[in-house]
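> Have a look at this one.
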Amino acid sequence: MDAVFMGLLNVFTPESLLVCLLGTIGGMVVGALPGLSSTMGVALVIPITFSMSPESSLILLGAVYVSSVYGGSVTAILLRTPGTDASIATSLDGYPLAVAGRGSEAIGMATIASLFGGLFSVLVLVTLAPPLSSVALAFGPQEYTILIIFGMVTIVGVVSDSPAKGFVAAALGLLLSTVGLDNFTAMQRFTLGRNELFDGVPLLPALIGLFSISQAINLCVPKKGGVLTDSGILEIHGRRIPLLPDIKRCLKTMLRSSVIGSVIGILPGAGTSIAAFISYNEARRGSKTPQNFGKGELEGVAASEAANNAVTGGTLIPTLTLGIPGNAVTAVFIGGLTIHGMIPGPKLFTEFAETTYTLIFSLFVANILFAVIGLIAGKYLVHITRVPGSVLSPIVMTFSVIGSYALRNNMFDVGLAIVFGIVGYFMERWRYPAAPLVIALILGPMLEVNFRRSMQISGWDLSTFFTRPLALMLWVLVIAALIYPLWQSLKAKRVSRQKAE
Amino acid sequence: MRRVLRDRLIALVLILCSIILMYIASGFKGDSDVFPIAMAVLVIVSCVPLLLVSNSRFETEEEKPEQIIWSRLVIWLILTCAFFFTIEPLGLFISLPIFILANLLLLARLNIVTAITITAGLTLLVFIVFELMLEVPTPMGLLESILRTS
């Protein structure tokens with residue numbers, strides 16, 4: 001209880017509030033810029049956290065994460081160019097509202113719904129994470145092995161439109177994770193004799209390369225010099241805050257979308273855009289006026305925005321309690337935690353409880369801050385999209401290079417980040433998702449350690465993975481995670497074949 | 001290059017690399033080889049469905065990404081390589097403005113005054129934030145003696 005109280009106190013120091021405010025503004029800007037993702041935003045601020053206390057670092061990372069998801073809604077509404085893929089569904093009704101002269105009102109509703117979803121998900125996080133971390137303490141190496149397999153299978157199945165390519169990326173990540181000194185025998189594996197690789201492929205340069213440098217290339221290589229949007233910015237009219245009856249009408253939708261978002265957030269792999277689309281469809285199904293959806297319905301904006309912001313707290317549940325990142329952003333988060341010597345898992349709620357609760361409470365504050373800023377000045381965010389991508393690109397590169405260098409003070413990491421950046425650029429173009437690769441890179445060593453521990457305990461008897469009740473329950477989850485995307489894929493193919501006929 | 005051919009080529013390269021890594025891993029002592037070999041096998045296995053899926057007539061058509069402007073990519077690569085190789089000898093605060101300026105002139109096609117203004121502003125910002133406020137270590141190169149002593 002002391003840790004909870006101390007965490008609460010930590011958030012309200014002037015330094016923490018300032019860090020949270022800067023993170024919120026930075027996140028909103030990153031989110032609003034098409035081409036810059038939440039993952040990239042969080043990856044880019046990691047170098048800033050090096051000299052900060054763990055508490056301030058996590059506050060900054062958390063603030064950037066939640067506000068960047070919201071930031072995408074402004075450009076989705078006013079330009080029909082979502083800043084992040086989380087807001088694609090928002091543009092379906094947000095843009096028609098803006099065309100109809102109600103852009104300001106749509107942004108207001110998006111802000112209120114984002115706040116609602118964000119706060120709801122933090123409540124879910126604070127309620128579920130501590131008991132789940134206690135359950136995780138009961139996990140043995142066998143359960144951890146299966147849990148990691150479950151995480152990998154889910155991510156591969158969900159993040160890519162082609163599970164085959166997701167599988168390749170994940171397998172490659174697992175193979176890369178074997179680089180370095182063997183934890184059990186200290187044998188050098190694939191290190192090429194370089195001591196920079198003794199601890200394995202460094203995570204931070206890989207993250208910065210795959211998510212930031214690849215985007216820097218993406219920003220400056222297109223023909224137009226990467227002008228982020230050349231569509232005209234609509235005149236912004238209407239009230240900043242929607243009418244109370246409109247808010248009341250959307251409350252049920254916001255609540256339902258928040259539940260959907262939080263649940264989807266907990267599941268590894270399924271991200272903000274999936275939650276937003278599912279919630280949008282549910283809102284349309286449950287609406288008395290479904291015909292208005294797609295033509296400028298405030299409820300549609302509310303559904304999408306409440307859901308995508310509700311994902312943020314949900315994704316942190318498996319990350320903080322089990323050390324299993326649910327998506328690319330939380331994989332970067334793990335990178336941020338490990339820099340400060342905090343290993344994600346149950347220990348975060350025992351040994352580092354104060355810092356962890358500081359993060360959780362700071363998410364409340366960050367949600368409120370982005371809502372206040374969004375309601376007052378959100379509509380002006382749209383003007384930053386006039387900055388050409390090829391101007392942003394060297395800025396992103398600057399942060400990426402400093403971030404890669406600063407952790408271990410060597411140029412090898414910078415080179416590695418650039419290589420990963422180029423690989424990431426082509427992976428994105430050729431539709432090989434980077435998230436499974438990074439998550440496999442994080443989970444690979446955990447998988448190996450737990451697998452080998454299980455084998456040592458059981459004397460290399462594989463049945464040890466099938467004899468414990470908890471392990472069997474986890475296997476059921478693995479099988480379900482395997483079957484579901486296959487079934488979905490077959491269904492989609494059947495539909496497209498029928499359409500073709 | 002056609003997508004099917006490209007995916008197959010990627011799969012073949014990955015299979016070849018995995019076989020080489022399996023061979024190297026087989027020389028690891030004790031049970032250090034088990035996991036790398038298993039993961040290499042997994043890569044090979046993952047490439048098999050990739051080959052099959054590429055061949056599937058039911059695969060949904062992907063949205064065609066914007067065409068790569070190779071000249072711009074090559075310029076970016078040259079600038080980045082030059083930046084990378086000059087950071088340590090020259091120092092970040094010499095090579096960084098050159099890199100930014102070159103980017104703004106060659107890729108963003110800004111006029112010289114705007115480019116210099118942005119470059120100076122950004123370099124100053126990075127210096128204040130990372131060097132003075134956050135004290136993040138950066139390669140100093142030629143400026144080592146001047147900046148570290150002041």
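Just so we're on the same page: first chain in the structure tokens is A, next is B, and so on; residues restart at 1 for each chain, and ligands are numbered from 1 in the order they show up.
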Please report as CSV every residue of chain A lying within 8 Å of chain B, along with the nearest atom pair and their distance in Å (one decimal), using only C-alpha atoms.


residue,atom,partner,partner_atom,distance
A:Pro47,CA,B:Val136,CA,7.7
A:Ile48,CA,B:Leu134,CA,7.0
A:Phe50,CA,B:Val136,CA,7.0
A:Ser51,CA,B:Leu134,CA,5.9
A:Met52,CA,B:Leu134,CA,7.8
A:Ala164,CA,B:Leu50,CA,5.4
A:Lys165,CA,B:Leu50,CA,6.6
A:Phe167,CA,B:Ser46,CA,5.9
A:Val168,CA,B:Ser46,CA,5.1
A:Ala171,CA,B:Val43,CA,5.0
A:Leu172,CA,B:Val43,CA,6.1
A:Leu174,CA,B:Met39,CA,6.2
A:Leu175,CA,B:Met39,CA,5.1
A:Thr178,CA,B:Pro36,CA,5.8
A:Asp182,CA,B:Ser32,CA,6.4
A:Phe184,CA,B:Ser32,CA,7.7
A:Thr185,CA,B:Ser32,CA,6.8
A:Met187,CA,B:Ser32,CA,6.9
A:Arg189,CA,B:Ala25,CA,7.4
A:Ile217,CA,B:Trp76,CA,7.5
A:Cys220,CA,B:Leu107,CA,6.7
A:Val221,CA,B:Arg72,CA,5.4
A:Pro222,CA,B:Ile69,CA,6.3
A:Lys223,CA,B:Ile69,CA,6.3
A:Gly225,CA,B:Ala108,CA,5.6
A:Pro388,CA,B:Ala108,CA,7.5
A:Ser390,CA,B:Ala108,CA,4.9
A:Val391,CA,B:Ala108,CA,6.0
A:Pro394,CA,B:Ile100,CA,5.6
A:Ile395,CA,B:Leu122,CA,7.7
A:Thr398,CA,B:Leu96,CA,7.4
A:Ile402,CA,B:Thr138,CA,6.9
A:Tyr405,CA,B:Thr138,CA,7.2
A:Ala406,CA,B:Pro137,CA,5.6
A:Asn409,CA,B:Pro137,CA,7.0
A:Met411,CA,B:Glu88,CA,7.8
A:Val414,CA,B:Phe84,CA,7.6
A:Gly415,CA,B:Phe84,CA,7.2
A:Arg429,CA,B:Pro65,CA,6.5
A:Glu448,CA,B:Phe35,CA,6.6
A:Lys493,CA,B:Phe58,CA,6.4
A:Ser496,CA,B:Thr60,CA,7.6
A:Arg497,CA,B:Phe58,CA,7.0

> Need to verify the contact set: Phe211 in chain A, 8 Å, only C-alpha atoms, exclusion of same-chain residues closer than 5 positions in sequence. Can you return it as a list in words?

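My reading of the contact set: Thr39, Met40, Ala43, Gly421 and Gly424 of chain A.
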
> For Tyr23 in chain B, which residue out of A:Thr330, A:Lys248, A:Met427, A:Phe190 is the nearest one, using only C-alpha atoms?

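Using only C-alpha atoms, the shortest distance to Tyr23 in chain B belongs to A:Phe190.
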
> Need to verify the contact set: Ala434 in chain A, 12 Å, only C-alpha atoms, exclusion of same-chain residues closer than 2 positions in sequence. Can you return it as an NGL selection string?

:A and (39 or 155-156 or 159-160 or 165-173 or 206-212 or 214 or 269 or 327-329 or 331 or 420-432 or 436-441)

> Neighbours of range 255-267 of chain A within 8 Å (only C-alpha atoms; same-chain residues fewer than 2 positions away dropped), as a PyMOL selection string?

chain A and resi 116-118+120-121+124+154+251-253+269-272+275-276+278-280+283+303-304+306-318+326

> Go ahead and save the picked residues with N, CA and C atoms, as a CSV table (one decimal), in the first residue's frame.


chain,number,residue,atom,x,y,z
A,116,PHE,N,-12.2,9.2,-22.1
A,116,PHE,CA,-13.0,8.1,-21.4
A,116,PHE,C,-12.3,6.7,-21.6
A,117,GLY,N,-11.9,6.4,-22.8
A,117,GLY,CA,-11.3,5.1,-23.1
A,117,GLY,C,-9.9,5.0,-22.3
A,118,GLY,N,-9.2,6.1,-22.4
A,118,GLY,CA,-7.9,6.1,-21.7
A,118,GLY,C,-8.0,5.8,-20.2
A,120,PHE,N,-10.5,4.6,-18.6
A,120,PHE,CA,-11.1,3.3,-18.3
A,120,PHE,C,-10.0,2.2,-18.4
A,121,SER,N,-9.1,2.3,-19.4
A,121,SER,CA,-8.1,1.3,-19.5
A,121,SER,C,-7.1,1.4,-18.4
A,124,VAL,N,-8.6,-0.4,-15.6
A,124,VAL,CA,-8.5,-1.9,-15.8
A,124,VAL,C,-7.1,-2.3,-15.4
A,154,THR,N,0.1,-15.7,-31.1
A,154,THR,CA,-1.0,-14.7,-31.2
A,154,THR,C,-0.5,-13.6,-32.1
A,251,LEU,N,-22.4,7.9,-24.5
A,251,LEU,CA,-21.8,7.3,-23.3
A,251,LEU,C,-21.8,5.8,-23.4
A,252,LYS,N,-22.9,5.2,-23.8
A,252,LYS,CA,-23.0,3.7,-23.9
A,252,LYS,C,-22.0,3.2,-24.9
A,253,THR,N,-21.9,3.9,-26.0
A,253,THR,CA,-20.9,3.5,-27.1
A,253,THR,C,-19.5,3.6,-26.5
A,269,GLY,N,-0.7,-8.9,-29.7
A,269,GLY,CA,-0.8,-8.7,-31.2
A,269,GLY,C,-1.9,-7.8,-31.7
A,270,ALA,N,-3.1,-8.0,-31.1
A,270,ALA,CA,-4.2,-7.2,-31.6
A,270,ALA,C,-4.1,-5.8,-31.1
A,271,GLY,N,-4.0,-4.8,-32.1
A,271,GLY,CA,-3.7,-3.5,-31.7
A,271,GLY,C,-4.8,-2.5,-31.7
A,272,THR,N,-4.4,-1.2,-31.7
A,272,THR,CA,-5.4,-0.1,-31.6
A,272,THR,C,-6.3,-0.1,-32.8
A,275,ALA,N,-9.0,-2.8,-32.6
A,275,ALA,CA,-10.0,-2.4,-31.5
A,275,ALA,C,-10.9,-1.3,-32.1
A,276,ALA,N,-10.4,-0.4,-32.8
A,276,ALA,CA,-11.2,0.8,-33.3
A,276,ALA,C,-12.2,0.3,-34.3
A,278,ILE,N,-13.4,-2.9,-34.7
A,278,ILE,CA,-14.4,-3.7,-34.0
A,278,ILE,C,-15.4,-2.9,-33.3
A,279,SER,N,-15.0,-1.9,-32.6
A,279,SER,CA,-15.9,-1.0,-31.8
A,279,SER,C,-16.8,-0.2,-32.7
A,280,TYR,N,-16.2,0.3,-33.8
A,280,TYR,CA,-16.9,1.0,-34.8
A,280,TYR,C,-18.1,0.2,-35.3
A,283,ALA,N,-20.7,-0.3,-32.7
A,283,ALA,CA,-21.5,0.9,-32.5
A,283,ALA,C,-22.5,1.0,-33.5
A,303,ALA,N,-16.9,5.9,-30.8
A,303,ALA,CA,-16.6,4.4,-30.7
A,303,ALA,C,-15.1,4.2,-31.0
A,304,SER,N,-14.6,4.7,-32.2
A,304,SER,CA,-13.3,4.4,-32.6
A,304,SER,C,-12.2,5.0,-31.6
A,306,ALA,N,-12.6,6.0,-28.3
A,306,ALA,CA,-12.7,5.4,-27.0
A,306,ALA,C,-11.9,4.0,-27.0
A,307,ALA,N,-12.1,3.3,-28.1
A,307,ALA,CA,-11.5,1.9,-28.2
A,307,ALA,C,-10.0,2.0,-28.4
A,308,ASN,N,-9.5,2.9,-29.3
A,308,ASN,CA,-8.1,2.9,-29.5
A,308,ASN,C,-7.3,3.4,-28.3
A,309,ASN,N,-7.9,4.3,-27.5
A,309,ASN,CA,-7.2,4.8,-26.3
A,309,ASN,C,-7.3,3.8,-25.2
A,310,ALA,N,-8.4,3.0,-25.2
A,310,ALA,CA,-8.6,1.9,-24.2
A,310,ALA,C,-7.5,0.8,-24.4
A,311,VAL,N,-7.0,0.7,-25.6
A,311,VAL,CA,-6.0,-0.4,-25.8
A,311,VAL,C,-4.7,-0.1,-25.0
A,312,THR,N,-4.4,1.2,-24.8
A,312,THR,CA,-3.1,1.5,-24.2
A,312,THR,C,-2.9,0.9,-22.9
A,313,GLY,N,-3.9,1.0,-22.0
A,313,GLY,CA,-3.7,0.4,-20.6
A,313,GLY,C,-3.7,-1.1,-20.7
A,314,GLY,N,-4.6,-1.6,-21.6
A,314,GLY,CA,-4.7,-3.1,-21.7
A,314,GLY,C,-3.4,-3.7,-22.2
A,315,THR,N,-2.7,-3.0,-23.1
A,315,THR,CA,-1.4,-3.6,-23.6
A,315,THR,C,-0.3,-3.7,-22.5
A,316,LEU,N,-0.5,-2.8,-21.6
A,316,LEU,CA,0.6,-2.7,-20.5
A,316,LEU,C,0.4,-3.8,-19.5
A,317,ILE,N,-0.8,-4.5,-19.5
A,317,ILE,CA,-1.1,-5.5,-18.5
A,317,ILE,C,-0.1,-6.7,-18.7
A,318,PRO,N,-0.1,-7.4,-19.9
A,318,PRO,CA,0.8,-8.5,-20.0
A,318,PRO,C,2.3,-8.0,-20.0
A,326,GLY,N,2.7,-6.9,-25.8
A,326,GLY,CA,1.5,-7.3,-26.6
A,326,GLY,C,1.6,-6.7,-28.0

> Could you give me the residues within range 87-234 of chain A that DSSP places in helix (DSSP H, G or I), as number ranges by chain?

A: 87-99, 103-137, 141-159, 163-176, 195-197, 203-220

> Report, in Å to a single decimal, how far apart CA of Ser133 in chain A and CA of Met342 in chain A are.

14.8 Å

> Using only C-alpha atoms, which residue out of A:Trp460, A:Tyr144, A:Phe5, A:Tyr65 lies closest to Pro445 in chain A?

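Selected residue with least distance to Pro445 in chain A: A:Tyr144.
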
> Using only C-alpha atoms, which protein or nucleic acid residues come within 12 Å of Gly31 in chain A? Drop anything in the same chain fewer than 5 positions from it, and give the result as a PyMOL selection string.

chain A and resi 23-26+36-42+63-76+81-87+370+378+381-382+384-385

> Take the residues from that selection and put them in a file with N, CA and C atoms, as a compact mmCIF listing (two decimals), in the first residue's frame.


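So part.txt came out as:
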# COMPACT_ATOMS: atom_id res chain seq x y z
N GLY A 23 5.87 15.26 -22.43
CA GLY A 23 5.62 13.97 -23.11
C GLY A 23 4.28 13.97 -23.82
N THR A 24 3.29 14.56 -23.16
CA THR A 24 1.94 14.61 -23.76
C THR A 24 1.96 15.45 -25.04
N ILE A 25 2.59 16.61 -24.96
CA ILE A 25 2.64 17.48 -26.15
C ILE A 25 3.42 16.78 -27.27
N GLY A 26 4.58 16.22 -26.89
CA GLY A 26 5.40 15.51 -27.88
C GLY A 26 4.63 14.37 -28.52
N LEU A 36 4.56 9.09 -38.74
CA LEU A 36 5.24 8.88 -37.45
C LEU A 36 4.27 8.10 -36.56
N SER A 37 4.73 6.96 -36.05
CA SER A 37 3.83 6.12 -35.27
C SER A 37 4.08 6.29 -33.78
N SER A 38 3.18 5.73 -32.98
CA SER A 38 3.36 5.74 -31.52
C SER A 38 4.65 5.03 -31.15
N THR A 39 4.92 3.91 -31.84
CA THR A 39 6.11 3.12 -31.56
C THR A 39 7.36 3.97 -31.77
N MET A 40 7.34 4.69 -32.89
CA MET A 40 8.49 5.54 -33.20
C MET A 40 8.63 6.64 -32.16
N GLY A 41 7.52 7.22 -31.75
CA GLY A 41 7.55 8.28 -30.75
C GLY A 41 8.19 7.80 -29.46
N VAL A 42 7.75 6.63 -29.01
CA VAL A 42 8.29 6.10 -27.75
C VAL A 42 9.77 5.74 -27.93
N ALA A 63 3.41 8.93 -21.20
CA ALA A 63 2.69 10.11 -21.71
C ALA A 63 2.76 10.15 -23.24
N VAL A 64 3.93 9.85 -23.78
CA VAL A 64 4.07 9.85 -25.25
C VAL A 64 3.16 8.78 -25.85
N TYR A 65 3.14 7.62 -25.21
CA TYR A 65 2.34 6.50 -25.73
C TYR A 65 0.85 6.88 -25.81
N VAL A 66 0.28 7.29 -24.67
CA VAL A 66 -1.18 7.50 -24.68
C VAL A 66 -1.57 8.72 -25.53
N SER A 67 -0.75 9.77 -25.50
CA SER A 67 -1.16 10.97 -26.23
C SER A 67 -0.94 10.82 -27.73
N SER A 68 0.02 9.98 -28.14
CA SER A 68 0.23 9.80 -29.58
C SER A 68 -0.95 9.05 -30.21
N VAL A 69 -1.55 8.16 -29.44
CA VAL A 69 -2.73 7.44 -29.97
C VAL A 69 -3.86 8.44 -30.21
N TYR A 70 -4.00 9.40 -29.27
CA TYR A 70 -5.04 10.42 -29.44
C TYR A 70 -4.70 11.38 -30.59
N GLY A 71 -3.43 11.75 -30.68
CA GLY A 71 -3.00 12.77 -31.66
C GLY A 71 -3.41 12.45 -33.08
N GLY A 72 -3.45 11.17 -33.40
CA GLY A 72 -3.80 10.76 -34.76
C GLY A 72 -5.21 11.13 -35.16
N SER A 73 -6.07 11.35 -34.17
CA SER A 73 -7.48 11.59 -34.49
C SER A 73 -7.69 12.96 -35.16
N VAL A 74 -6.87 13.93 -34.80
CA VAL A 74 -7.07 15.30 -35.31
C VAL A 74 -6.92 15.32 -36.83
N THR A 75 -5.82 14.73 -37.31
CA THR A 75 -5.61 14.74 -38.77
C THR A 75 -6.59 13.78 -39.46
N ALA A 76 -7.00 12.74 -38.75
CA ALA A 76 -7.99 11.82 -39.33
C ALA A 76 -9.29 12.56 -39.59
N THR A 81 -6.55 11.97 -43.16
CA THR A 81 -5.22 11.34 -43.18
C THR A 81 -4.87 10.99 -41.75
N PRO A 82 -5.19 9.77 -41.30
CA PRO A 82 -4.93 9.44 -39.90
C PRO A 82 -3.44 9.53 -39.57
N GLY A 83 -3.13 10.19 -38.45
CA GLY A 83 -1.73 10.31 -38.03
C GLY A 83 -1.16 8.95 -37.68
N THR A 84 -1.97 8.10 -37.09
CA THR A 84 -1.55 6.72 -36.81
C THR A 84 -2.65 5.79 -37.30
N ASP A 85 -2.33 4.51 -37.47
CA ASP A 85 -3.38 3.61 -37.98
C ASP A 85 -4.50 3.40 -36.97
N ALA A 86 -4.26 3.82 -35.72
CA ALA A 86 -5.30 3.70 -34.70
C ALA A 86 -6.52 4.53 -35.05
N SER A 87 -6.32 5.58 -35.84
CA SER A 87 -7.42 6.52 -36.10
C SER A 87 -8.03 6.37 -37.49
N PHE A 370 -3.82 15.43 -22.11
CA PHE A 370 -4.07 15.50 -23.56
C PHE A 370 -5.50 15.94 -23.85
N GLY A 378 -6.42 21.45 -29.81
CA GLY A 378 -6.26 20.26 -30.64
C GLY A 378 -6.33 20.54 -32.13
N LEU A 381 -3.25 21.38 -34.18
CA LEU A 381 -2.25 20.34 -34.44
C LEU A 381 -2.14 20.02 -35.92
N VAL A 382 -3.26 20.21 -36.61
CA VAL A 382 -3.32 19.83 -38.01
C VAL A 382 -2.30 20.59 -38.86
N ILE A 384 0.78 21.18 -38.29
CA ILE A 384 2.14 20.63 -38.34
C ILE A 384 2.31 19.63 -39.48
N THR A 385 1.19 19.19 -40.06
CA THR A 385 1.33 18.26 -41.18
C THR A 385 1.86 18.96 -42.43

> Looking only at strand (DSSP E) from DSSP on the backbone, list the matching residues of range 99-238 of chain A as a ChimeraX atom specification.

/A:180-181,188-189

> Using only C-alpha atoms, which of A:Val401, A:Phe150, A:Pro469, A:Pro54 sits nearest Ser95 in chain B?

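Checking each of A:Val401, A:Phe150, A:Pro469, A:Pro54 against Ser95 in chain B, counting only C-alpha atoms, the winner is A:Val401.
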
> Which value, in Å to one decimal, gives the distance between CA of Leu22 in chain A and CA of Val365 in chain A?

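Computing the Euclidean distance for CA of Leu22 in chain A and CA of Val365 in chain A yields 12.2 Å.
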
> What is the distance between CA of Gln456 in chain A and CA of Ile343 in chain A, in Å to one decimal?

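Taking CA of Gln456 in chain A and CA of Ile343 in chain A, their separation equals 23.6 Å.
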
> List as a list in words the protein and nucleic acid residues near range 288-301 of chain A, meaning an atom at most 8 Å away when only C-alpha atoms are counted, but skip any in the same chain fewer than 5 places from it.

Ala89, Thr90, Ser91, Leu92, Asp93, Gly94, Tyr95, Pro96, Leu97, Ala100, Ala106, Met109, Ala110, Asp246, Arg249, Cys250, Thr253, Tyr280 and Ala283 of chain A
